[in-house]
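Below: target-v9.csv (CSV, C-alpha atoms (C1' of nucleotides))
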chain,number,residue,atom,x,y,z
A,1,MET,CA,-71.6,41.8,28.7
A,2,LEU,CA,-69.7,43.4,25.8
A,3,THR,CA,-69.1,42.3,22.2
A,4,ILE,CA,-65.5,42.4,21.0
A,5,GLY,CA,-66.2,45.6,19.1
A,6,LYS,CA,-67.6,47.4,22.1
A,7,LEU,CA,-64.8,46.2,24.3
A,8,GLY,CA,-62.3,47.5,21.8
A,9,GLN,CA,-63.9,50.9,21.6
A,10,ALA,CA,-64.1,51.1,25.4
A,11,ALA,CA,-60.5,50.2,25.9
A,12,GLY,CA,-59.1,52.0,22.9
A,13,VAL,CA,-57.8,48.8,21.3
A,14,LYS,CA,-58.5,47.4,17.9
A,15,VAL,CA,-60.6,44.3,17.5
A,16,PRO,CA,-57.8,42.2,15.8
A,17,THR,CA,-55.5,43.2,18.6
A,18,ILE,CA,-57.8,41.8,21.2
A,19,ARG,CA,-58.0,38.5,19.3
A,20,TYR,CA,-54.2,38.6,19.1
A,21,TYR,CA,-53.9,39.1,22.8
A,22,GLU,CA,-56.2,36.1,23.3
A,23,GLN,CA,-54.2,34.0,20.9
A,24,ILE,CA,-50.9,34.7,22.8
A,25,GLY,CA,-52.6,34.0,26.1
A,26,LEU,CA,-52.6,37.5,27.5
A,27,LEU,CA,-56.3,37.5,27.7
A,28,THR,CA,-58.1,34.3,28.6
A,29,GLU,CA,-60.7,32.8,26.2
A,30,PRO,CA,-64.0,34.6,26.9
A,31,GLU,CA,-67.5,33.2,27.0
A,32,ARG,CA,-69.3,32.9,23.7
A,33,SER,CA,-72.8,33.8,22.6
A,34,ALA,CA,-75.2,31.3,21.1
A,35,GLY,CA,-73.8,32.3,17.7
A,36,ASN,CA,-70.2,31.8,18.8
A,37,GLN,CA,-69.4,35.5,19.3
A,38,ARG,CA,-67.1,36.5,22.1
A,39,LEU,CA,-68.7,38.1,25.1
A,40,TYR,CA,-66.6,40.0,27.6
A,41,SER,CA,-67.1,41.0,31.2
A,42,ARG,CA,-66.3,44.4,32.8
A,43,ALA,CA,-63.4,42.7,34.5
A,44,THR,CA,-61.9,42.0,31.1
A,45,LEU,CA,-62.4,45.6,30.1
A,46,ASP,CA,-60.3,46.6,33.2
A,47,ARG,CA,-57.7,44.1,32.3
A,48,LEU,CA,-57.5,45.3,28.7
A,49,CYS,CA,-57.3,49.0,29.8
A,50,PHE,CA,-54.4,47.9,32.0
A,51,VAL,CA,-52.7,46.3,29.0
A,52,ARG,CA,-53.3,49.3,26.8
A,53,HIS,CA,-52.0,51.7,29.3
A,54,ALA,CA,-48.9,49.7,29.9
A,55,ARG,CA,-48.3,49.4,26.2
A,56,ASP,CA,-48.6,53.1,25.8
A,57,LEU,CA,-45.9,53.4,28.5
A,58,GLY,CA,-43.7,51.2,26.4
A,59,PHE,CA,-43.9,48.0,28.5
A,60,THR,CA,-43.4,44.9,26.4
A,61,LEU,CA,-46.1,42.3,26.3
A,62,GLU,CA,-43.8,40.1,28.3
A,63,ALA,CA,-43.5,42.6,31.1
A,64,ILE,CA,-47.3,43.1,31.0
A,65,ARG,CA,-47.8,39.4,31.3
A,66,ASP,CA,-45.7,39.5,34.4
A,67,LEU,CA,-47.5,42.5,35.8
A,68,LEU,CA,-50.9,40.9,35.1
A,69,SER,CA,-49.9,37.7,36.9
A,70,LEU,CA,-48.6,39.8,39.8
A,71,SER,CA,-51.9,41.7,40.0
A,72,ASP,CA,-53.7,38.3,40.1
A,73,HIS,CA,-51.9,37.6,43.4
A,74,PRO,CA,-52.4,40.7,45.4
A,75,ASP,CA,-51.2,39.3,48.7
A,76,GLN,CA,-47.6,39.0,47.7
A,77,PRO,CA,-45.0,41.9,48.2
A,78,CYS,CA,-45.0,44.4,45.4
A,79,ALA,CA,-41.2,44.5,45.0
A,80,ALA,CA,-41.5,42.6,41.7
A,81,ALA,CA,-43.9,45.1,40.2
A,82,ASP,CA,-41.7,47.9,41.4
A,83,ALA,CA,-38.6,46.2,39.8
A,84,ILE,CA,-40.4,46.0,36.4
A,85,ALA,CA,-41.4,49.6,36.6
A,86,LYS,CA,-37.9,50.7,37.5
A,87,ALA,CA,-36.4,48.7,34.7
A,88,GLN,CA,-38.8,50.4,32.4
A,89,LEU,CA,-37.9,53.8,33.7
A,90,ALA,CA,-34.2,53.1,33.1
A,91,GLU,CA,-35.0,52.0,29.5
A,92,VAL,CA,-36.9,55.2,28.9
A,93,GLU,CA,-34.2,57.3,30.4
A,94,SER,CA,-31.6,55.8,28.2
A,95,ARG,CA,-33.8,56.2,25.1
A,96,LEU,CA,-34.3,59.8,26.0
A,97,GLU,CA,-30.6,60.4,26.3
A,98,ARG,CA,-29.9,58.9,22.9
A,99,LEU,CA,-32.9,60.7,21.2
A,100,THR,CA,-31.6,64.0,22.5
A,101,ALA,CA,-28.2,63.5,21.0
A,102,LEU,CA,-29.9,62.4,17.8
A,103,LYS,CA,-32.0,65.5,17.7
A,104,ALA,CA,-28.9,67.7,18.0
A,105,GLU,CA,-27.2,65.9,15.2
A,106,LEU,CA,-30.3,66.2,12.9
A,107,GLU,CA,-30.6,69.9,13.7
A,108,ARG,CA,-27.1,70.4,12.8
A,109,MET,CA,-27.7,68.6,9.5
A,110,VAL,CA,-30.8,70.6,8.6
A,111,VAL,CA,-29.2,74.0,9.4
A,112,GLN,CA,-26.3,73.3,7.3
A,113,CYS,CA,-28.3,72.5,4.1
A,114,ALA,CA,-28.4,75.9,2.4
A,115,GLY,CA,-30.5,74.9,-0.6
A,116,GLY,CA,-27.7,74.2,-3.0
A,117,ARG,CA,-27.0,71.1,-5.0
A,118,ILE,CA,-26.8,67.6,-3.7
A,119,ALA,CA,-23.0,67.6,-4.2
A,120,ASP,CA,-22.7,70.3,-1.5
A,121,CYS,CA,-25.5,69.0,0.7
A,122,ARG,CA,-24.5,68.6,4.3
A,123,VAL,CA,-27.4,66.2,5.0
A,124,ILE,CA,-25.9,63.6,2.9
A,125,GLU,CA,-22.3,64.5,3.9
A,126,ALA,CA,-23.2,64.3,7.6
A,127,LEU,CA,-24.3,60.8,7.1
A,128,SER,CA,-21.2,59.8,5.3
A,129,GLU,CA,-18.8,60.1,8.2
A,130,PRO,CA,-17.1,56.8,9.0
A,131,ALA,CA,-18.6,54.5,11.6
A,132,ALA,CA,-16.6,52.4,14.0
A,133,GLU,CA,-15.0,55.2,16.0
A,134,LYS,CA,-14.9,52.9,19.1
A,135,GLY,CA,-15.7,49.2,18.8
A,136,ALA,CA,-17.3,48.1,15.5
A,137,GLY,CA,-20.1,45.8,16.7
A,138,ARG,CA,-23.6,47.3,17.0
A,139,ARG,CA,-25.0,46.9,20.4
A,140,LYS,CA,-28.5,45.5,20.7
A,141,ASP,CA,-30.0,48.8,21.7
A,142,ASP,CA,-28.2,51.3,19.6
A,143,ALA,CA,-29.8,54.6,18.8
A,144,ALA,CA,-32.0,53.2,16.2
A,145,GLY,CA,-33.5,51.0,18.8
A,146,ALA,CA,-35.0,54.0,20.4
A,147,LEU,CA,-37.2,54.6,17.3
A,148,ALA,CA,-39.9,52.8,15.5
B,1,MET,CA,-11.4,44.3,-2.0
B,2,LEU,CA,-13.1,43.2,1.2
B,3,THR,CA,-14.8,40.0,2.1
B,4,ILE,CA,-18.2,40.3,3.7
B,5,GLY,CA,-16.8,39.8,7.2
B,6,LYS,CA,-14.2,42.5,6.8
B,7,LEU,CA,-16.8,44.8,5.3
B,8,GLY,CA,-19.2,44.2,8.2
B,9,GLN,CA,-16.4,44.8,10.8
B,10,ALA,CA,-15.3,48.0,9.1
B,11,ALA,CA,-18.8,49.4,8.8
B,12,GLY,CA,-20.1,48.1,12.1
B,13,VAL,CA,-22.9,46.0,10.5
B,14,LYS,CA,-23.5,42.3,11.0
B,15,VAL,CA,-22.8,40.0,8.1
B,16,PRO,CA,-26.4,38.7,7.8
B,17,THR,CA,-27.6,42.3,7.8
B,18,ILE,CA,-25.4,43.0,4.8
B,19,ARG,CA,-26.9,40.1,2.9
B,20,TYR,CA,-30.3,41.3,3.9
B,21,TYR,CA,-29.6,44.7,2.5
B,22,GLU,CA,-28.5,43.1,-0.7
B,23,GLN,CA,-31.6,41.0,-0.8
B,24,ILE,CA,-33.9,44.0,-0.5
B,25,GLY,CA,-31.9,45.9,-3.1
B,26,LEU,CA,-30.4,48.5,-0.8
B,27,LEU,CA,-26.9,47.3,-1.8
B,28,THR,CA,-26.2,46.1,-5.3
B,29,GLU,CA,-25.0,42.6,-5.9
B,30,PRO,CA,-21.2,42.6,-5.5
B,31,GLU,CA,-18.6,40.8,-7.5
B,32,ARG,CA,-17.8,37.3,-6.5
B,33,SER,CA,-14.5,35.5,-6.0
B,34,ALA,CA,-13.6,32.3,-7.9
B,35,GLY,CA,-15.2,30.4,-5.0
B,36,ASN,CA,-18.4,32.4,-5.1
B,37,GLN,CA,-17.7,34.6,-2.1
B,38,ARG,CA,-18.8,38.3,-2.2
B,39,LEU,CA,-16.1,40.9,-2.7
B,40,TYR,CA,-16.7,44.5,-1.9
B,41,SER,CA,-15.1,47.7,-3.0
B,42,ARG,CA,-14.2,50.7,-0.8
B,43,ALA,CA,-17.1,52.5,-2.4
B,44,THR,CA,-19.5,49.9,-1.0
B,45,LEU,CA,-17.9,50.4,2.4
B,46,ASP,CA,-18.7,54.1,2.2
B,47,ARG,CA,-22.2,53.3,1.2
B,48,LEU,CA,-22.7,50.9,4.0
B,49,CYS,CA,-21.3,53.4,6.5
B,50,PHE,CA,-23.8,55.8,5.2
B,51,VAL,CA,-26.6,53.3,5.7
B,52,ARG,CA,-25.5,52.4,9.2
B,53,HIS,CA,-25.2,56.0,10.3
B,54,ALA,CA,-28.6,56.9,8.9
B,55,ARG,CA,-30.1,53.9,10.6
B,56,ASP,CA,-28.5,55.0,13.9
B,57,LEU,CA,-30.2,58.3,13.4
B,58,GLY,CA,-33.5,56.5,13.0
B,59,PHE,CA,-34.1,56.8,9.3
B,60,THR,CA,-36.1,54.0,7.9
B,61,LEU,CA,-34.6,51.9,5.1
B,62,GLU,CA,-37.1,53.5,2.8
B,63,ALA,CA,-35.8,57.0,3.6
B,64,ILE,CA,-32.3,55.7,3.3
B,65,ARG,CA,-33.1,54.3,-0.1
B,66,ASP,CA,-34.2,57.7,-1.2
B,67,LEU,CA,-31.2,59.4,0.3
B,68,LEU,CA,-28.9,57.0,-1.5
B,69,SER,CA,-30.6,57.6,-4.9
B,70,LEU,CA,-30.3,61.3,-4.2
B,71,SER,CA,-26.6,61.0,-3.5
B,72,ASP,CA,-26.2,59.1,-6.8
B,73,HIS,CA,-27.4,62.2,-8.6
B,74,PRO,CA,-25.3,65.0,-7.1
B,75,ASP,CA,-26.2,67.6,-9.7
B,76,GLN,CA,-29.8,68.0,-8.5
B,77,PRO,CA,-31.0,70.5,-5.9
B,78,CYS,CA,-30.7,69.2,-2.3
B,79,ALA,CA,-34.2,70.2,-1.3
B,80,ALA,CA,-35.4,66.6,-1.3
B,81,ALA,CA,-32.6,65.5,1.0
B,82,ASP,CA,-33.3,68.4,3.3
B,83,ALA,CA,-37.0,67.5,3.4
B,84,ILE,CA,-36.2,64.0,4.4
B,85,ALA,CA,-33.9,65.2,7.2
B,86,LYS,CA,-36.5,67.7,8.4
B,87,ALA,CA,-39.2,65.0,8.5
B,88,GLN,CA,-36.9,62.9,10.5
B,89,LEU,CA,-36.2,65.7,12.9
B,90,ALA,CA,-39.9,66.3,13.4
B,91,GLU,CA,-40.4,62.6,14.1
B,92,VAL,CA,-37.6,62.7,16.7
B,93,GLU,CA,-39.0,65.8,18.4
B,94,SER,CA,-42.4,64.2,18.7
B,95,ARG,CA,-40.9,61.1,20.1
B,96,LEU,CA,-38.9,63.1,22.6
B,97,GLU,CA,-42.0,64.9,23.8
B,98,ARG,CA,-43.9,61.7,24.4
B,99,LEU,CA,-41.0,60.0,26.0
B,100,THR,CA,-40.5,62.8,28.4
B,101,ALA,CA,-44.2,62.6,29.5
B,102,LEU,CA,-43.7,58.9,29.8
B,103,LYS,CA,-40.7,59.3,32.0
B,104,ALA,CA,-42.6,61.6,34.4
B,105,GLU,CA,-45.4,59.1,34.7
B,106,LEU,CA,-43.1,56.2,35.3
B,107,GLU,CA,-41.2,58.2,38.0
B,108,ARG,CA,-44.5,58.9,39.7
B,109,MET,CA,-45.3,55.2,39.6
B,110,VAL,CA,-42.0,54.2,41.1
B,111,VAL,CA,-42.0,56.8,43.8
B,112,GLN,CA,-45.4,55.8,45.0
B,113,CYS,CA,-44.6,52.1,45.4
B,114,ALA,CA,-43.6,52.0,49.1
B,115,GLY,CA,-42.7,48.3,49.3
B,116,GLY,CA,-46.0,47.0,50.5
B,117,ARG,CA,-48.2,44.3,49.1
B,118,ILE,CA,-49.4,44.1,45.6
B,119,ALA,CA,-52.9,45.0,46.7
B,120,ASP,CA,-51.6,48.5,47.6
B,121,CYS,CA,-49.1,48.8,44.8
B,122,ARG,CA,-49.3,52.0,42.9
B,123,VAL,CA,-47.5,50.6,39.9
B,124,ILE,CA,-50.3,48.3,39.1
B,125,GLU,CA,-52.9,50.8,40.2
B,126,ALA,CA,-51.4,53.6,38.0
B,127,LEU,CA,-51.7,51.3,35.0
B,128,SER,CA,-55.4,50.5,35.7
B,129,GLU,CA,-56.7,54.0,35.0
B,130,PRO,CA,-59.3,53.9,32.3
B,131,ALA,CA,-58.2,54.7,28.8
B,132,ALA,CA,-60.2,56.6,26.3
B,133,GLU,CA,-60.3,60.0,28.0
B,134,LYS,CA,-60.5,61.7,24.6
B,135,GLY,CA,-61.1,59.7,21.5
B,136,ALA,CA,-60.8,56.0,21.9
B,137,GLY,CA,-58.9,54.9,18.8
B,138,ARG,CA,-55.2,54.5,19.1
B,139,ARG,CA,-53.3,56.7,16.7
B,140,LYS,CA,-50.6,55.1,14.6
B,141,ASP,CA,-47.8,56.7,16.6
B,142,ASP,CA,-49.0,56.6,20.1
B,143,ALA,CA,-46.5,56.7,22.9
B,144,ALA,CA,-45.7,53.0,22.6
B,145,GLY,CA,-44.5,53.8,19.1
B,146,ALA,CA,-41.7,55.8,20.5
B,147,LEU,CA,-40.3,52.7,22.1
B,148,ALA,CA,-38.9,49.4,20.9
C,1,DC,C1',-0.1,18.2,0.4
C,2,DC,C1',-3.4,17.5,3.7
C,3,DC,C1',-6.0,18.9,7.7
C,4,DT,C1',-8.5,21.8,10.8
C,5,DG,C1',-11.2,25.4,11.8
C,6,DA,C1',-12.9,29.8,10.7
C,7,DA,C1',-15.4,32.3,7.5
C,8,DC,C1',-18.3,31.9,3.8
C,9,DC,C1',-22.5,30.2,1.0
C,10,DT,C1',-27.9,29.4,0.4
C,11,DA,C1',-32.4,28.9,2.0
C,12,DT,C1',-35.7,29.1,5.4
C,13,DA,C1',-38.0,30.2,9.7
C,14,DG,C1',-38.4,33.0,13.7
C,15,DT,C1',-38.7,37.5,16.3
C,16,DC,C1',-42.3,41.5,18.1
C,17,DG,C1',-46.6,43.5,18.0
C,18,DC,C1',-49.6,44.0,15.5
C,19,DT,C1',-52.4,44.8,10.7
C,20,DA,C1',-54.7,43.2,6.6
C,21,DT,C1',-57.1,40.1,3.8
C,22,DA,C1',-60.6,36.5,2.4
C,23,DG,C1',-64.7,34.3,2.8
C,24,DA,C1',-68.3,32.7,5.8
C,25,DA,C1',-71.7,33.3,9.5
C,26,DG,C1',-74.2,36.0,12.9
C,27,DT,C1',-76.8,40.3,14.3
C,28,DT,C1',-79.5,44.5,14.0
C,29,DA,C1',-82.4,48.4,11.9
C,30,DG,C1',-85.7,49.7,8.8
D,1,DC,C1',-87.1,40.2,4.8
D,2,DT,C1',-83.3,42.3,3.4
D,3,DA,C1',-79.4,45.2,3.6
D,4,DA,C1',-75.7,46.7,6.2
D,5,DC,C1',-72.9,45.9,9.8
D,6,DT,C1',-70.3,43.1,12.9
D,7,DT,C1',-68.2,39.1,14.0
D,8,DC,C1',-66.0,34.5,13.0
D,9,DT,C1',-61.6,31.7,11.5
D,10,DA,C1',-57.4,31.2,9.2
D,11,DT,C1',-53.6,32.9,6.9
D,12,DA,C1',-50.3,36.2,5.2
D,13,DG,C1',-47.8,40.5,5.6
D,14,DC,C1',-45.2,44.5,7.8
D,15,DG,C1',-40.2,46.3,9.2
D,16,DA,C1',-35.7,45.3,10.2
D,17,DC,C1',-33.5,42.2,11.2
D,18,DT,C1',-31.7,37.5,13.7
D,19,DA,C1',-31.1,32.5,14.0
D,20,DT,C1',-30.6,28.0,12.3
D,21,DA,C1',-29.2,24.1,9.3
D,22,DG,C1',-26.3,22.1,6.2
D,23,DG,C1',-23.1,22.7,3.0
D,24,DT,C1',-18.5,25.1,0.6
D,25,DT,C1',-14.3,27.8,0.5
D,26,DC,C1',-10.2,29.6,2.4
D,27,DA,C1',-6.0,30.4,5.2
D,28,DG,C1',-2.5,28.7,8.2
D,29,DG,C1',0.2,24.9,10.3
D,30,DG,C1',2.3,20.3,10.4

Target format structure tokens, applied to this file:
Amino acid sequence: MLTIGKLGQAAGVKVPTIRYYEQIGLLTEPERSAGNQRLYSRATLDRLCFVRHARDLGFTLEAIRDLLSLSDHPDQPCAAADAIAKAQLAEVESRLERLTALKAELERMVVQCAGGRIADCRVIEALSEPAAEKGAGRRKDDAAGALA
Amino acid sequence: MLTIGKLGQAAGVKVPTIRYYEQIGLLTEPERSAGNQRLYSRATLDRLCFVRHARDLGFTLEAIRDLLSLSDHPDQPCAAADAIAKAQLAEVESRLERLTALKAELERMVVQCAGGRIADCRVIEALSEPAAEKGAGRRKDDAAGALA
DNA sequence: CCCTGAACCTATAGTCGCTATAGAAGTTAG
DNA sequence: CTAACTTCTATAGCGACTATAGGTTCAGGG
């Protein structure tokens, strides 16, 4: 049996995050010690490692919730899990594309700045180009969405 | 003079976002019409386009605030603006690296799922590998940070 | 000149995935 | 036994918006 601190250390997840996962129902409420402290089983450690790994891969908590419930029913076909992973892959590929374009633009900006005064600075100038070249509305996952 | 709706359309920014930018002091309070509606100048349109473009490039509002105040003092050297852009570029490069690794891992997962039952599903299995191979604590910008 | 409907106003709450804080209570090593 | 550490609950905050409610103003048409 592990305390919440040990569990967090073992899984690479901070203590408040574990309590948060419990709060939103991603982890079930654990046993408690005589003094009301949470006690976790090895199985919960596995589950938390799964969550952490999936988060690192960019899965949303919603997707992870689905994957967890799938893994709780191992007799069903795995098409659903596969679909989630494929959607995730498509996400990542589109982010990669946009980030690559972004990188090119930033590199152009940095190269052009020759150490003069702001008035001549291409960094600021490069950002002042008009928006709205095609369709004004911002899509939900514009380039900025690919970043923190 | 533009109403907030026209401004938003011209800059590609939603109306509530403009009001939000005003609230946090990124845009100054505009003039008002007789009926208390916001009226914006062309200069504000430029400023908002700048903000939008910078956001698309992944700059935080904090960085944009700095860039805006720099562009308001065009007689100073542009080293500061250059530094901000370079930091941004480094950010993007690191995200790109991590996203690329991620993509490889997701591709591996998807390929391995052969359409069987969950019990044999590599997607779920791939996510169950133990964490904490080197240093348990999650860094602030782990892979997940590169995603939405 | 009035009416309708769109666009505007303010204020507040919600989103996601945590993180931080406060103050109390439990646990462990010396 | 005491000091230091961990844990407990509850609540608020982060960034960057987005949504909702309930009201006001404006532009065009009859």

* Asked: If you measure from CA of Glu29 (chain B) to C1' of DT12 (chain C), what distance in Å do you get, rounded to one decimal?
  ->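 Going from CA of Glu29 (chain B) over to C1' of DT12 (chain C), I get 20.6 Å.
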
inquiry  = Using all atoms listed in the file, which protein or nucleic acid residues come within 10 Å of DA16 (chain D)? Drop anything in the same chain fewer than 3 positions from it, and give the result as a ChimeraX atom specification.
reply    = /B:17,20-21,60-61

List as a Markdown table every residue of chain C that is in contact with chain A, defined as an atom at most 8 Å from one of its atoms (using only C-alpha atoms (C1' of nucleotides)), together with the nearest atom pair and the distance in Å rounded to one decimal, sorted by chain and then rising number.
| residue | atom | partner | partner_atom | distance |
| --- | --- | --- | --- | --- |
| C:DC18 | C1' | A:Thr17 | CA | 6.7 |
| C:DT19 | C1' | A:Pro16 | CA | 7.9 |
| C:DG26 | C1' | A:Gly35 | CA | 6.1 |

Margin query: Need to verify the contact set: region 25-30 of chain D, 12 Å, all atoms listed in the file, exclusion of same-chain residues closer than 5 positions in sequence. Can you return it as number ranges by chain?
Written below: B: 3, 33-38; C: 1-9

- Would you mind listing what lies within 12 Å of DA11 (chain C) as a list in words, with all atoms listed in the file counted and same-chain residues fewer than 6 positions away left out?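 Listed by chain and then number, they are DT20, DA21, DG22 and DG23 of chain D.
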
For chain D, the closest of B:Lys6, B:Arg55, B:Tyr40, B:Gly12 counting only C-alpha atoms (C1' of nucleotides) is B:Arg55

Enter the distance from CA of Glu91 (chain B) to CA of Phe50 (chain A), in Å, rounded to one decimal.
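Interatomic distance, CA of Glu91 (chain B) to CA of Phe50 (chain A): 27.1 Å.
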
Correct to one decimal, the distance CA of Gly58 (chain A)-CA of Arg52 (chain B) is 25.1 Å

(message) Can you pull out the residues contacting DA19 (chain D)? Cut-off 10 Å, using only C-alpha atoms (C1' of nucleotides), and skip same-chain residues under 6 positions away; I want them as a list in words.
(response) Pro16 of chain B; DA13, DG14 and DT15 of chain C

Self-check item: Distance criterion (all atoms listed in the file): nearest to Ile64 (chain A) out of B:Ile124, B:Ala104, B:Ala90, B:Leu45
Solution: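 Residue with the minimum atom-to-atom distance to Ile64 (chain A): B:Ile124.
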